[in-house]
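Here's the structure we're looking at; comments come further down.
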Amino acid sequence: MTSAAARAALDITADLPVSALEDFYRDLHRHPELAFQEHRTAAALTERLTQAGFETAEGIGGTGVAGVLRNGEGPTVLLRADMDALPVTEETGLAYASQTPGVMHACGHDMHVTWLAGAAAALAAGRDAWSGTLLVVGQPAEESGKGAAAMLADGLYDRFPRPDVLLGQHVTPGPAGLYAHVPGLIMSATTDVDIVVHGRGGHGSRPETTVDPVVTAAYIVTRLQTVVSREIAPRESAVLTVGRIEAGTASNIIPATARISLNLRTQSEAVRDRMLAAIRRIAEGECLAAGCPRGPEVTLGNGFPATVNDADTDHRVAGVHREVFGEATVFDPGPAMGSEDFSQLADGKLPYAYWFVTSTPAAVWDEAPGEDLMERFDAVPSNHSPLFAPDLSVVAPGVRTLVSGALAYLAPAD
Ligand code: ZN
Ligand code: ZN
């Protein structure tokens with residue numbers, strides 16, 4: 001016995017205009033736009049929402065789009081797609097490969113926009129089957145971690161109804177046709193940190209007149225390796241990577257400053273706080289030990305919070321996905337070390353569910369080396385790869401995931 005939500009979802013999406021949606025996807029894929037430059041993409045999404053009967057607005061938080069469909073009493077459900085592409089040169093060789101040099105939809109956000117447009121149209125056409133308010137959001141600049149926050153800062157929830165629940169989804173490697181749900185932490189937090197070490201420059205032959213920031217930076221980089229290994233409990237997951245170190249201009253000049261850039265991945269606020277405190281302490285301690293004329297500057301750069309699904313929300317959405325697609329298609333992969341800014345749309349407290357749709361073409365998956373799912377997962381092109389190419393077979397299922405997820409809240413109770 002299936003739920004009313006699942007029955008309505010299957011009914012509403014029975015005749016999806018799949019080839020038109022595929023054309024829409026191919027057009028978006030040919031014309032990728034970087035973060036906060038998604039003008040063409042935003043206009044294309046807005047046009048589709050307007051045609052479907054949504055009241056729309058563009059330019060929210062830069063290039064963001066929102067559309068609302070008020071359809072009687074009931075909760076407000078937000079469906080979100082991110083819209084930005086990446087500075088990657090496409091190497092897929094597809095007939096619909098990027099026509100913009102050096103820019104590619106290598107994270108599949110073009111698929112997300114296609115799903116959102118398809119779901120919005122299907123739910124609008126099938127509005128007799130549900131009641132409530134549907135809020136759809138085309139979010140800019142997910143890759144820089146700034147788009148969701150920019151839309152909120154620009155009054156998204158003053159201009160449009162504040163949602164009761166938020167739903168979002170992302171393509172991921174894996175044999176096309178599976179749905180990865182985690183009823184809790186699904187994506188890690190990321191934090192960039194910059195450290196500037198202030199020494200005293202001078203001639204390479206007279207180190208006694210200087211404080212060498214290169215040596216101090218080297219000690220800092222080395223000691224930072226102990227943060228995860230010696231200060232964080234083994235049961236926690238965390239990464240600290242120094243990705244950039246920069247100092248000096250010539251071999252016989254001791255420079256005045258050195259710069260270190262590092263990135264953290266964490267899965268709890270407490271671990272992140274502890275790592276940041278350790279980084280500050282180590283930087284200050286090494287500068288003190290070296291006799292630096294002043295302390296280091298430690299600044300936080302770009303960051304994404306952790307994505308933590310509300311367990312009840314995720315169970316409800318995963319439940320309807322099991323009904324629509326079959327019990328065996330929904331699995332729990334556990335938390336990933338990747339990051340997302342979707343949770344910022346939740347404004348700190350609104351419940352949300354965020355899930356993955358596997359999208360590797362069957363032929364690519366079947367030829368991938370490896371015995372089990374995880375070995376193949378690591379072998380096929382991943383998000384951000386110049387070879388990343390979601391299978392078009394996921395167009396219709398990704399519309400159904402959004403429609404059925406929304407109807408889990410908007411369809412009449414059984
Ligand atoms: Zn990405
Ligand atoms: Zn992405």
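Here's how to read the names in the structure tokens: chain A, B, ... by the order shown, residue numbers from 1 in each chain, ligand numbers from 1 in the order shown.
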Using only C-alpha atoms and all ligand atoms, what are the residues with an atom within 7 Å of ligand 1, set out as an NGL selection string? :A and (107 or 143 or 383-384)
Let me see the file: selected residues, all heavy atoms, as an mmCIF file, in the first residue's frame.
data_model
loop_
_atom_site.group_PDB
_atom_site.id
_atom_site.type_symbol
_atom_site.label_atom_id
_atom_site.label_comp_id
_atom_site.auth_asym_id
_atom_site.auth_seq_id
_atom_site.Cartn_x
_atom_site.Cartn_y
_atom_site.Cartn_z
ATOM 1 N N CYS A 107 30.206 20.079 -11.958
ATOM 2 C CA CYS A 107 29.637 19.603 -10.690
ATOM 3 C C CYS A 107 28.169 19.207 -10.875
ATOM 4 O O CYS A 107 27.501 18.816 -9.935
ATOM 5 C CB CYS A 107 29.782 20.667 -9.604
ATOM 6 S SG CYS A 107 29.745 19.987 -7.923
ATOM 7 N N GLU A 143 29.661 27.095 -5.402
ATOM 8 C CA GLU A 143 31.066 26.663 -5.361
ATOM 9 C C GLU A 143 31.936 27.575 -4.507
ATOM 10 O O GLU A 143 32.915 27.127 -3.929
ATOM 11 C CB GLU A 143 31.633 26.565 -6.784
ATOM 12 C CG GLU A 143 30.944 25.502 -7.660
ATOM 13 C CD GLU A 143 31.251 24.073 -7.225
ATOM 14 O OE1 GLU A 143 32.076 23.895 -6.318
ATOM 15 O OE2 GLU A 143 30.645 23.146 -7.801
ATOM 16 N N ASN A 383 32.721 14.536 -9.411
ATOM 17 C CA ASN A 383 32.374 15.946 -9.518
ATOM 18 C C ASN A 383 33.688 16.753 -9.555
ATOM 19 O O ASN A 383 34.631 16.416 -8.844
ATOM 20 C CB ASN A 383 31.554 16.403 -8.302
ATOM 21 C CG ASN A 383 30.316 15.556 -8.096
ATOM 22 O OD1 ASN A 383 30.431 14.392 -7.741
ATOM 23 N ND2 ASN A 383 29.149 16.111 -8.321
ATOM 24 N N HIS A 384 33.705 17.792 -10.363
ATOM 25 C CA HIS A 384 34.843 18.706 -10.556
ATOM 26 C C HIS A 384 35.889 18.125 -11.512
ATOM 27 O O HIS A 384 36.872 18.796 -11.820
ATOM 28 C CB HIS A 384 35.510 19.123 -9.229
ATOM 29 C CG HIS A 384 34.620 19.974 -8.364
ATOM 30 N ND1 HIS A 384 35.087 20.855 -7.423
ATOM 31 C CD2 HIS A 384 33.272 20.086 -8.328
ATOM 32 C CE1 HIS A 384 34.077 21.452 -6.812
ATOM 33 N NE2 HIS A 384 32.948 20.996 -7.361
#
Give as a count of residues only the residues surrounding ligand 2 up to a distance of 10 Å, considering only C-alpha atoms and all ligand atoms. 26
Just how far from CA of Thr299 in chain A is CA of Asp194 in chain A, in Å to one decimal? 5.3 Å
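Distances here use only C-alpha atoms; by that measure, the residue among A:Ala306, A:Ala270, A:Leu402, A:Val214 closest to Ala346 in chain A is A:Ala306.
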Fewer than 2 positions away in the same chain doesn't count, so skip those; otherwise give me all residues within 6 Å of range 386-399 of chain A, counting only C-alpha atoms, as a PDB file with all heavy atoms, in the first residue's frame.
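Wrote selection33.pdb, looks like this:
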ATOM      1  N   GLU A  90      36.501  21.534 -20.133  1.00  0.00           N
ATOM      2  CA  GLU A  90      35.801  20.256 -20.340  1.00  0.00           C
ATOM      3  C   GLU A  90      36.564  19.329 -21.286  1.00  0.00           C
ATOM      4  O   GLU A  90      37.075  19.755 -22.318  1.00  0.00           O
ATOM      5  CB  GLU A  90      34.383  20.518 -20.887  1.00  0.00           C
ATOM      6  CG  GLU A  90      33.595  19.241 -21.107  1.00  0.00           C
ATOM      7  CD  GLU A  90      32.078  19.448 -21.097  1.00  0.00           C
ATOM      8  OE1 GLU A  90      31.618  20.582 -20.864  1.00  0.00           O
ATOM      9  OE2 GLU A  90      31.363  18.461 -21.305  1.00  0.00           O
ATOM     10  N   GLU A  91      36.628  18.058 -20.907  1.00  0.00           N
ATOM     11  CA  GLU A  91      37.314  17.050 -21.735  1.00  0.00           C
ATOM     12  C   GLU A  91      36.414  15.851 -22.021  1.00  0.00           C
ATOM     13  O   GLU A  91      36.897  14.763 -22.324  1.00  0.00           O
ATOM     14  CB  GLU A  91      38.590  16.559 -21.006  1.00  0.00           C
ATOM     15  CG  GLU A  91      39.650  17.625 -20.845  1.00  0.00           C
ATOM     16  CD  GLU A  91      40.825  17.163 -19.989  1.00  0.00           C
ATOM     17  OE1 GLU A  91      40.928  15.944 -19.715  1.00  0.00           O
ATOM     18  OE2 GLU A  91      41.619  18.031 -19.586  1.00  0.00           O
ATOM     19  N   THR A  92      35.097  16.031 -21.898  1.00  0.00           N
ATOM     20  CA  THR A  92      34.201  14.886 -22.080  1.00  0.00           C
ATOM     21  C   THR A  92      34.069  14.480 -23.540  1.00  0.00           C
ATOM     22  O   THR A  92      33.724  13.330 -23.832  1.00  0.00           O
ATOM     23  CB  THR A  92      32.783  15.203 -21.576  1.00  0.00           C
ATOM     24  OG1 THR A  92      32.281  16.304 -22.352  1.00  0.00           O
ATOM     25  CG2 THR A  92      32.770  15.566 -20.101  1.00  0.00           C
ATOM     26  N   ALA A 106      31.035  21.123 -14.282  1.00  0.00           N
ATOM     27  CA  ALA A 106      31.729  19.901 -13.859  1.00  0.00           C
ATOM     28  C   ALA A 106      31.199  19.375 -12.530  1.00  0.00           C
ATOM     29  O   ALA A 106      31.681  18.369 -12.027  1.00  0.00           O
ATOM     30  CB  ALA A 106      33.230  20.184 -13.747  1.00  0.00           C
ATOM     31  N   TRP A 115      16.305  19.583 -13.159  1.00  0.00           N
ATOM     32  CA  TRP A 115      15.387  18.892 -12.247  1.00  0.00           C
ATOM     33  C   TRP A 115      14.400  19.871 -11.615  1.00  0.00           C
ATOM     34  O   TRP A 115      13.203  19.589 -11.508  1.00  0.00           O
ATOM     35  CB  TRP A 115      16.182  18.215 -11.119  1.00  0.00           C
ATOM     36  CG  TRP A 115      16.934  16.987 -11.503  1.00  0.00           C
ATOM     37  CD1 TRP A 115      16.697  16.162 -12.579  1.00  0.00           C
ATOM     38  CD2 TRP A 115      18.064  16.430 -10.804  1.00  0.00           C
ATOM     39  NE1 TRP A 115      17.594  15.129 -12.568  1.00  0.00           N
ATOM     40  CE2 TRP A 115      18.444  15.257 -11.503  1.00  0.00           C
ATOM     41  CE3 TRP A 115      18.771  16.797  -9.665  1.00  0.00           C
ATOM     42  CZ2 TRP A 115      19.509  14.454 -11.088  1.00  0.00           C
ATOM     43  CZ3 TRP A 115      19.829  16.000  -9.257  1.00  0.00           C
ATOM     44  CH2 TRP A 115      20.204  14.844  -9.960  1.00  0.00           C
ATOM     45  N   GLY A 118      11.836  21.071 -14.099  1.00  0.00           N
ATOM     46  CA  GLY A 118      10.897  19.985 -14.393  1.00  0.00           C
ATOM     47  C   GLY A 118       9.924  19.747 -13.248  1.00  0.00           C
ATOM     48  O   GLY A 118       8.718  19.554 -13.463  1.00  0.00           O
ATOM     49  N   ALA A 119      10.446  19.782 -12.021  1.00  0.00           N
ATOM     50  CA  ALA A 119       9.588  19.546 -10.851  1.00  0.00           C
ATOM     51  C   ALA A 119       8.597  20.689 -10.657  1.00  0.00           C
ATOM     52  O   ALA A 119       7.421  20.456 -10.334  1.00  0.00           O
ATOM     53  CB  ALA A 119      10.456  19.369  -9.605  1.00  0.00           C
ATOM     54  N   SER A 359      24.703   9.153 -10.748  1.00  0.00           N
ATOM     55  CA  SER A 359      24.482   9.565 -12.143  1.00  0.00           C
ATOM     56  C   SER A 359      25.526   9.060 -13.135  1.00  0.00           C
ATOM     57  O   SER A 359      25.581   9.539 -14.257  1.00  0.00           O
ATOM     58  CB  SER A 359      24.454  11.098 -12.198  1.00  0.00           C
ATOM     59  OG  SER A 359      25.734  11.608 -11.859  1.00  0.00           O
ATOM     60  N   THR A 360      26.369   8.104 -12.731  1.00  0.00           N
ATOM     61  CA  THR A 360      27.370   7.601 -13.684  1.00  0.00           C
ATOM     62  C   THR A 360      26.679   6.710 -14.724  1.00  0.00           C
ATOM     63  O   THR A 360      25.930   5.794 -14.346  1.00  0.00           O
ATOM     64  CB  THR A 360      28.452   6.786 -12.946  1.00  0.00           C
ATOM     65  OG1 THR A 360      28.994   7.593 -11.902  1.00  0.00           O
ATOM     66  CG2 THR A 360      29.563   6.360 -13.895  1.00  0.00           C
ATOM     67  N   PRO A 361      26.936   6.953 -16.028  1.00  0.00           N
ATOM     68  CA  PRO A 361      26.318   6.100 -17.051  1.00  0.00           C
ATOM     69  C   PRO A 361      26.664   4.624 -16.822  1.00  0.00           C
ATOM     70  O   PRO A 361      27.792   4.302 -16.417  1.00  0.00           O
ATOM     71  CB  PRO A 361      26.946   6.601 -18.361  1.00  0.00           C
ATOM     72  CG  PRO A 361      27.365   8.007 -18.059  1.00  0.00           C
ATOM     73  CD  PRO A 361      27.767   8.019 -16.611  1.00  0.00           C
ATOM     74  N   PRO A 381      34.795   9.106 -13.159  1.00  0.00           N
ATOM     75  CA  PRO A 381      34.972  10.564 -13.045  1.00  0.00           C
ATOM     76  C   PRO A 381      34.077  11.150 -11.946  1.00  0.00           C
ATOM     77  O   PRO A 381      32.894  10.840 -11.872  1.00  0.00           O
ATOM     78  CB  PRO A 381      34.557  11.079 -14.427  1.00  0.00           C
ATOM     79  CG  PRO A 381      34.786   9.926 -15.351  1.00  0.00           C
ATOM     80  CD  PRO A 381      34.459   8.704 -14.532  1.00  0.00           C
ATOM     81  N   SER A 382      34.690  11.965 -11.090  1.00  0.00           N
ATOM     82  CA  SER A 382      33.947  12.537  -9.964  1.00  0.00           C
ATOM     83  C   SER A 382      33.547  13.973 -10.275  1.00  0.00           C
ATOM     84  O   SER A 382      33.996  14.555 -11.276  1.00  0.00           O
ATOM     85  CB  SER A 382      34.827  12.513  -8.716  1.00  0.00           C
ATOM     86  OG  SER A 382      35.911  13.411  -8.899  1.00  0.00           O
ATOM     87  N   ASN A 383      32.721  14.536  -9.411  1.00  0.00           N
ATOM     88  CA  ASN A 383      32.374  15.946  -9.518  1.00  0.00           C
ATOM     89  C   ASN A 383      33.688  16.753  -9.555  1.00  0.00           C
ATOM     90  O   ASN A 383      34.631  16.416  -8.844  1.00  0.00           O
ATOM     91  CB  ASN A 383      31.554  16.403  -8.302  1.00  0.00           C
ATOM     92  CG  ASN A 383      30.316  15.556  -8.096  1.00  0.00           C
ATOM     93  OD1 ASN A 383      30.431  14.392  -7.741  1.00  0.00           O
ATOM     94  ND2 ASN A 383      29.149  16.111  -8.321  1.00  0.00           N
ATOM     95  N   THR A 401      12.247  12.713  -7.730  1.00  0.00           N
ATOM     96  CA  THR A 401      12.695  12.815  -6.333  1.00  0.00           C
ATOM     97  C   THR A 401      12.199  14.115  -5.713  1.00  0.00           C
ATOM     98  O   THR A 401      11.737  14.125  -4.576  1.00  0.00           O
ATOM     99  CB  THR A 401      14.236  12.749  -6.227  1.00  0.00           C
ATOM    100  OG1 THR A 401      14.795  13.607  -7.207  1.00  0.00           O
ATOM    101  CG2 THR A 401      14.754  11.348  -6.383  1.00  0.00           C
ATOM    102  N   LEU A 402      12.315  15.215  -6.485  1.00  0.00           N
ATOM    103  CA  LEU A 402      11.870  16.504  -5.943  1.00  0.00           C
ATOM    104  C   LEU A 402      10.356  16.544  -5.780  1.00  0.00           C
ATOM    105  O   LEU A 402       9.834  17.003  -4.758  1.00  0.00           O
ATOM    106  CB  LEU A 402      12.311  17.655  -6.861  1.00  0.00           C
ATOM    107  CG  LEU A 402      13.779  18.073  -6.799  1.00  0.00           C
ATOM    108  CD1 LEU A 402      14.036  19.207  -7.790  1.00  0.00           C
ATOM    109  CD2 LEU A 402      14.188  18.505  -5.389  1.00  0.00           C
TER     110      LEU A 402
END
Spatial neighbours of range 319-332 of chain A, max dist 9 Å, only C-alpha atoms, sep filter under 5 positions, as a short mmCIF file (atom, residue, chain, number, x, y, z; two decimals) with N, CA and C atoms, in the first residue's frame:
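Result file follows (result_33.cif):
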data_model
loop_
_atom_site.label_atom_id
_atom_site.label_comp_id
_atom_site.auth_asym_id
_atom_site.auth_seq_id
_atom_site.Cartn_x
_atom_site.Cartn_y
_atom_site.Cartn_z
N THR A 2 0.82 1.99 -1.06
CA THR A 2 1.66 3.19 -1.13
C THR A 2 0.93 4.39 -0.55
N SER A 3 1.70 5.39 -0.14
CA SER A 3 1.14 6.60 0.46
C SER A 3 0.50 7.48 -0.62
N ALA A 5 1.17 10.50 -1.05
CA ALA A 5 2.23 11.33 -1.64
C ALA A 5 2.89 10.58 -2.80
N ALA A 6 3.21 9.30 -2.59
CA ALA A 6 3.86 8.52 -3.64
C ALA A 6 2.93 8.34 -4.84
N ARG A 7 1.65 8.05 -4.55
CA ARG A 7 0.69 7.87 -5.66
C ARG A 7 0.57 9.16 -6.47
N ALA A 9 2.75 11.57 -6.70
CA ALA A 9 4.00 11.86 -7.40
C ALA A 9 4.10 11.05 -8.69
N LEU A 10 3.74 9.77 -8.61
CA LEU A 10 3.82 8.92 -9.80
C LEU A 10 2.82 9.39 -10.86
N GLY A 177 20.74 5.78 -10.83
CA GLY A 177 19.48 5.23 -10.37
C GLY A 177 19.42 4.87 -8.89
N LEU A 178 20.38 5.38 -8.10
CA LEU A 178 20.32 5.18 -6.65
C LEU A 178 20.17 6.52 -5.95
N TYR A 179 19.66 6.48 -4.71
CA TYR A 179 19.37 7.69 -3.95
C TYR A 179 20.02 7.56 -2.57
N ALA A 180 21.01 8.42 -2.30
CA ALA A 180 21.78 8.31 -1.07
C ALA A 180 21.21 9.26 -0.03
N HIS A 181 20.66 8.67 1.02
CA HIS A 181 20.07 9.45 2.12
C HIS A 181 20.83 9.19 3.41
N VAL A 182 21.08 10.25 4.17
CA VAL A 182 21.71 10.11 5.48
C VAL A 182 20.87 10.90 6.49
N PRO A 183 20.35 10.26 7.52
CA PRO A 183 19.48 10.98 8.46
C PRO A 183 20.27 11.75 9.51
N ASP A 314 14.54 13.71 6.77
CA ASP A 314 15.20 12.78 5.84
C ASP A 314 14.47 11.44 5.77
N PRO A 397 14.18 10.77 -13.24
CA PRO A 397 14.19 10.39 -11.82
C PRO A 397 14.46 11.58 -10.89
N ARG A 400 11.38 13.38 -10.32
CA ARG A 400 10.49 12.61 -9.43
C ARG A 400 10.92 12.67 -7.97
N THR A 401 12.25 12.71 -7.73
CA THR A 401 12.70 12.81 -6.33
C THR A 401 12.20 14.12 -5.71
N SER A 404 8.20 14.03 -5.44
CA SER A 404 7.71 13.16 -4.36
C SER A 404 8.14 13.68 -2.99
N GLY A 405 9.36 14.27 -2.92
CA GLY A 405 9.80 14.87 -1.66
C GLY A 405 8.87 16.01 -1.25
N LEU A 407 5.76 16.44 -2.22
CA LEU A 407 4.41 15.91 -1.92
C LEU A 407 4.36 15.17 -0.58
N ALA A 408 5.52 14.73 -0.09
CA ALA A 408 5.54 14.13 1.25
C ALA A 408 5.04 15.14 2.28
#
According to DSSP computed on the backbone, where in range 224-391 of chain A is there alpha helix (DSSP H)? Give the residues as a count of residues only. 58
What's around Ala363 in chain A at 12 Å? Count only C-alpha atoms, leave out sequence neighbours fewer than 5 positions away in its own chain, and write the answer as a VMD selection string. chain A and resid 174 to 176 368 380 390 to 391
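Distance annotation: of A:Ala44, A:Ala353, A:Val271, A:Leu276, the residue with the minimal separation from His315 in chain A is A:Ala353; atom set is only C-alpha atoms.
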I need the residue nearest Ile186 in chain A from this list: A:Phe304, A:Tyr25, A:Tyr354, A:Tyr96. Use only C-alpha atoms for the distance.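 For Ile186 in chain A, the nearest of the candidates is A:Tyr354.
Look at Ala149 in chain A: the protein and nucleic acid residues within 9 Å of it, using only C-alpha atoms and passing over chain neighbours fewer than 5 places away, are Gly61, Asp154, Asp341, Gln344, Leu345 and Asp347 of chain A.
When DSSP reads the backbone of this structure, the residues of range 45-103 of chain A it assigns to strand (DSSP E or B) are Glu55, Thr56, Ala57, Glu58, Gly59, Ile60, Gly64, Val65, Ala66, Gly67, Val68, Leu69, Arg70, Asn71, Thr76, Val77, Leu78, Leu79, Arg80, Ala81, Asp82 and Leu86 of chain A.
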In terms of the shortest atom-to-atom distance over only C-alpha atoms, which of A:Met275, A:Leu49, A:Leu116, A:Val227 is closest to Arg80 in chain A?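 Among A:Met275, A:Leu49, A:Leu116, A:Val227, it is A:Leu116 that comes nearest to Arg80 in chain A.
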Can you tell me how far CA of Arg40 in chain A sits from CA of Asp27 in chain A, in Å to one decimal? 10.6 Å
Tell me which of A:Ile60, A:Ala66, A:Leu410, A:Val364 sits closest to Glu47 in chain A, counting only C-alpha atoms.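 Ranking A:Ile60, A:Ala66, A:Leu410, A:Val364 by distance to Glu47 in chain A, first place goes to A:Ala66.
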Pick out the residues sitting within 8 Å of Phe24 in chain A, and hand them over as a list in words; count only C-alpha atoms, and ignore anything fewer than 4 positions along from it in its own chain.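 Contacts, with the query itself left out: Ala20, Leu28 and Thr114 of chain A.
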Mind dumping the selected residues with N, CA and C atoms as a CSV table (one decimal), in the first residue's frame?
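Writing done, so here's out09.csv:
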chain,number,residue,atom,x,y,z
A,20,ALA,N,12.2,17.3,-23.9
A,20,ALA,CA,12.3,18.7,-23.8
A,20,ALA,C,13.3,19.1,-22.6
A,28,LEU,N,21.9,24.2,-21.1
A,28,LEU,CA,22.6,24.7,-19.9
A,28,LEU,C,24.0,24.2,-19.9
A,114,THR,N,17.8,21.7,-14.2
A,114,THR,CA,16.9,21.0,-15.1
A,114,THR,C,15.8,20.3,-14.2
